Amino acid sequence: MASDKQAADAAVIELSKVSTSFGAHVVHTEVDLQIRQSEVFALIGGSGSGKSTLLREMILLQRPNSGSIRVLDVDLQDIGDDEALALRRRWGVMFQHGGLFGSLTVQENVGLPLREHTRLDDALIDEIAAWKLALTGLKPEVGAQYPSELSGGMMKRASLARALALDPELLFLDEPTAGLDPDSAGGVDQLVRKLRDLFGLTIVMITHDLDLLWQVADRAAVLGEGKVQGIGSMSELSQMHQPGIRMFFDGPRGRAAQQQEEHQAERNAGRKP
Ligand code: ADP
Ligand code: MG
C-alpha cells in the first residue's frame, strides 16, 4: 500500500487548506484535495457549491483567499509571469460554453493556442489543428465552419480539440456534456475515456452527468457547504450516507445511471479474455 508520502508525490494537483469567499459569502473553507497522475477526477456538488471557482483557482484565473495550490509541482501562490505562461502551456481547458471565438473558423480557433505559444509556421499549425479535430471525431470540413454553424455536440468537440492543441498533460473540463442530447453526450463519454487511455492525460471535470460519472470518472469529490463532503470512486461514494452525497445517488436519475453502470460492468466482464 502506498504511504501518504508516496501519494502526495504522485499528486498532479494538490490543494491544501484552500479557503475562498466573495465578500461575506464563504465558498470554500480549508478544502484539501489531491488529484493523481492519469486519473479522471470529477468535481461534483450542487449548483453554487464552488466547483467552477475551485477549477478557476487551479488554472490561475482566480486566487483563493488563503491556502496553497500546487499544480504539476508548481506552487501557484507566488508564481511569476514567465512561470505562469509556461504552466498554462501544460494544461488545456474546455469551458462550459465552449469559449470559441465567433469571428474565427473552427480550425483557426483550434490553432490559436499554437499561434500564441509556439513559433510553428501556419501550414504546420493548420495541419496540427486538423489532426486535433479528427482526434475529437469531427469531419475535416468542420474546420472551415464558424462556431455559430455548429451543433452543441460539435461545439464541445471543437472546444476540446482546442484544449488539446498544445498536447497538454492536464485537461480541465467544465460540464463537458451539459446541454447535449443523450447520443452526443455518450460520444463525449467515449472521447474522454479515449484521451485518458491513449495519452495518460490527467483529467479534471465538473459534471452533473451521472452516466459520465459512472462510466468515466476514476474518483470524484463531492463539494458542499464549503467542504469536501466525500471523495472516492463512484461506487465508494454511493455507499456513503451524508445527505450532501445521497442526493446524487437517490432519485430516479441516480438509480438509472447506477443500473446502467452495473449492466456495462457485466458486459465488460463478459468481454474480458
Ligand atoms: P458551482 O460551479 O458549483 O455552481 P461557483 O463556483 O460558480 O459554483 O460559485 C460558487 C459561489 O460563489 C456561488 O454562490 C457564486 O454566486 C459565487 N461566486 C462565484 N464567482 C463569483 C464572483 N466572481 N463574485 C462573487 N460571487 C461569486
Ligand atoms: Mg459551475
# chains A, B, ... in the order shown; residues from 1 in each chain; ligands from 1
call {"tool": "residues_near_ligand", "arguments": {"ligand": "ligand 2", "cutoff": "12 Å", "atoms": "only C-alpha atoms and all ligand atoms", "output": "list in words"}}
result
Leu43, Ile44, Gly45, Gly46, Ser47, Gly48, Ser49, Gly50, Lys51, Ser52, Thr53, Leu54, Leu55, Arg56, Phe95, Gln96, His97, Leu173, Asp174, Glu175, Pro176, Ala178, Met205, Ile206, Thr207, His208 and Leu223 of chain A
call {"tool": "write_last_selection", "arguments": {"atoms": "C-alpha atoms", "output": "compact mmCIF listing (two decimals), in the first residue's frame"}}
result
# COMPACT_ATOMS: atom_id res chain seq x y z
CA LEU A 43 -15.83 17.63 -9.02
CA ILE A 44 -19.46 17.29 -8.14
CA GLY A 45 -21.84 19.18 -5.88
CA GLY A 46 -24.97 21.28 -6.04
CA SER A 47 -25.24 24.48 -8.00
CA GLY A 48 -23.26 27.21 -6.24
CA SER A 49 -21.18 24.74 -4.20
CA GLY A 50 -17.98 26.25 -5.62
CA LYS A 51 -16.96 23.74 -8.31
CA SER A 52 -16.20 26.27 -11.03
CA THR A 53 -14.46 28.57 -8.56
CA LEU A 54 -12.20 25.72 -7.46
CA LEU A 55 -11.42 24.87 -11.08
CA ARG A 56 -10.69 28.52 -11.87
CA PHE A 95 -15.06 25.88 -20.74
CA GLN A 96 -18.72 25.19 -20.14
CA HIS A 97 -19.94 27.27 -23.03
CA LEU A 173 -13.45 20.16 -18.47
CA ASP A 174 -16.33 22.25 -17.11
CA GLU A 175 -19.62 20.41 -17.77
CA PRO A 176 -18.47 18.60 -20.94
CA ALA A 178 -24.23 19.77 -20.34
CA MET A 205 -14.01 17.56 -14.87
CA ILE A 206 -17.02 19.26 -13.38
CA THR A 207 -20.20 17.44 -14.21
CA HIS A 208 -23.73 16.61 -13.08
CA LEU A 223 -18.38 19.68 -2.68
call {"tool": "atom_distance", "arguments": {"atom1": "atom CA of Lys132 of chain A", "atom2": "atom CA of Ala161 of chain A"}}
result
5.1 Å
call {"tool": "select_by_dssp", "arguments": {"residues": "segment 73-232 of chain A", "states": "helix (DSSP H, G or I)", "output": "NGL selection string"}}
result
:A and (81-88 or 106-117 or 122-135 or 140-144 or 147-149 or 152-163 or 182-199 or 210-216)
call {"tool": "closest_residue", "arguments": {"among": "A:Glu149, A:Asp126, A:Glu225, A:Asp121", "to": "ligand 1", "atoms": "only C-alpha atoms and all ligand atoms"}}
result
A:Glu225
call {"tool": "closest_residue", "arguments": {"among": "A:Leu87, A:Leu138, A:Leu237, A:Ile203", "to": "His117 of chain A", "atoms": "only C-alpha atoms"}}
result
A:Leu87
call {"tool": "residues_around", "arguments": {"residues": "Val106 of chain A", "least_positions_apart": "6", "cutoff": "7 Å", "atoms": "only C-alpha atoms", "output": "ChimeraX atom specification"}}
result
/A:142-147,158
call {"tool": "residues_around", "arguments": {"residues": "Lys227 of chain A", "least_positions_apart": "3", "cutoff": "7 Å", "atoms": "only C-alpha atoms", "output": "ChimeraX atom specification"}}
result
/A:28-29,31,223-224
call {"tool": "write_last_selection", "arguments": {"atoms": "all heavy atoms", "output": "mmCIF file, in the first residue's frame"}}
result
data_model
loop_
_atom_site.group_PDB
_atom_site.id
_atom_site.type_symbol
_atom_site.label_atom_id
_atom_site.label_comp_id
_atom_site.auth_asym_id
_atom_site.auth_seq_id
_atom_site.Cartn_x
_atom_site.Cartn_y
_atom_site.Cartn_z
ATOM 1 N N HIS A 28 -15.393 28.299 -0.027
ATOM 2 C CA HIS A 28 -14.592 27.138 0.383
ATOM 3 C C HIS A 28 -13.971 27.404 1.751
ATOM 4 O O HIS A 28 -13.430 28.486 1.971
ATOM 5 C CB HIS A 28 -13.434 26.869 -0.582
ATOM 6 C CG HIS A 28 -13.826 26.766 -2.016
ATOM 7 N ND1 HIS A 28 -13.238 27.527 -3.007
ATOM 8 C CD2 HIS A 28 -14.745 25.995 -2.638
ATOM 9 C CE1 HIS A 28 -13.778 27.226 -4.168
ATOM 10 N NE2 HIS A 28 -14.706 26.310 -3.978
ATOM 11 N N THR A 29 -14.009 26.426 2.625
ATOM 12 C CA THR A 29 -13.374 26.532 3.935
ATOM 13 C C THR A 29 -12.322 25.445 4.072
ATOM 14 O O THR A 29 -12.639 24.278 4.245
ATOM 15 C CB THR A 29 -14.416 26.342 5.062
ATOM 16 O OG1 THR A 29 -15.549 27.146 4.765
ATOM 17 C CG2 THR A 29 -13.850 26.726 6.406
ATOM 18 N N VAL A 31 -10.325 23.654 2.098
ATOM 19 C CA VAL A 31 -10.503 22.460 1.264
ATOM 20 C C VAL A 31 -9.147 21.807 0.977
ATOM 21 O O VAL A 31 -8.202 22.471 0.559
ATOM 22 C CB VAL A 31 -11.187 22.834 -0.075
ATOM 23 C CG1 VAL A 31 -11.138 21.690 -1.068
ATOM 24 C CG2 VAL A 31 -12.629 23.265 0.170
ATOM 25 N N LEU A 223 -18.496 18.409 -3.415
ATOM 26 C CA LEU A 223 -18.377 19.676 -2.684
ATOM 27 C C LEU A 223 -19.726 20.056 -2.092
ATOM 28 O O LEU A 223 -20.762 19.868 -2.725
ATOM 29 C CB LEU A 223 -17.937 20.806 -3.624
ATOM 30 C CG LEU A 223 -16.520 20.803 -4.166
ATOM 31 C CD1 LEU A 223 -16.264 22.107 -4.922
ATOM 32 C CD2 LEU A 223 -15.503 20.641 -3.054
ATOM 33 N N GLY A 224 -19.704 20.620 -0.897
ATOM 34 C CA GLY A 224 -20.936 21.101 -0.287
ATOM 35 C C GLY A 224 -20.606 21.826 0.996
ATOM 36 O O GLY A 224 -19.679 21.429 1.718
#
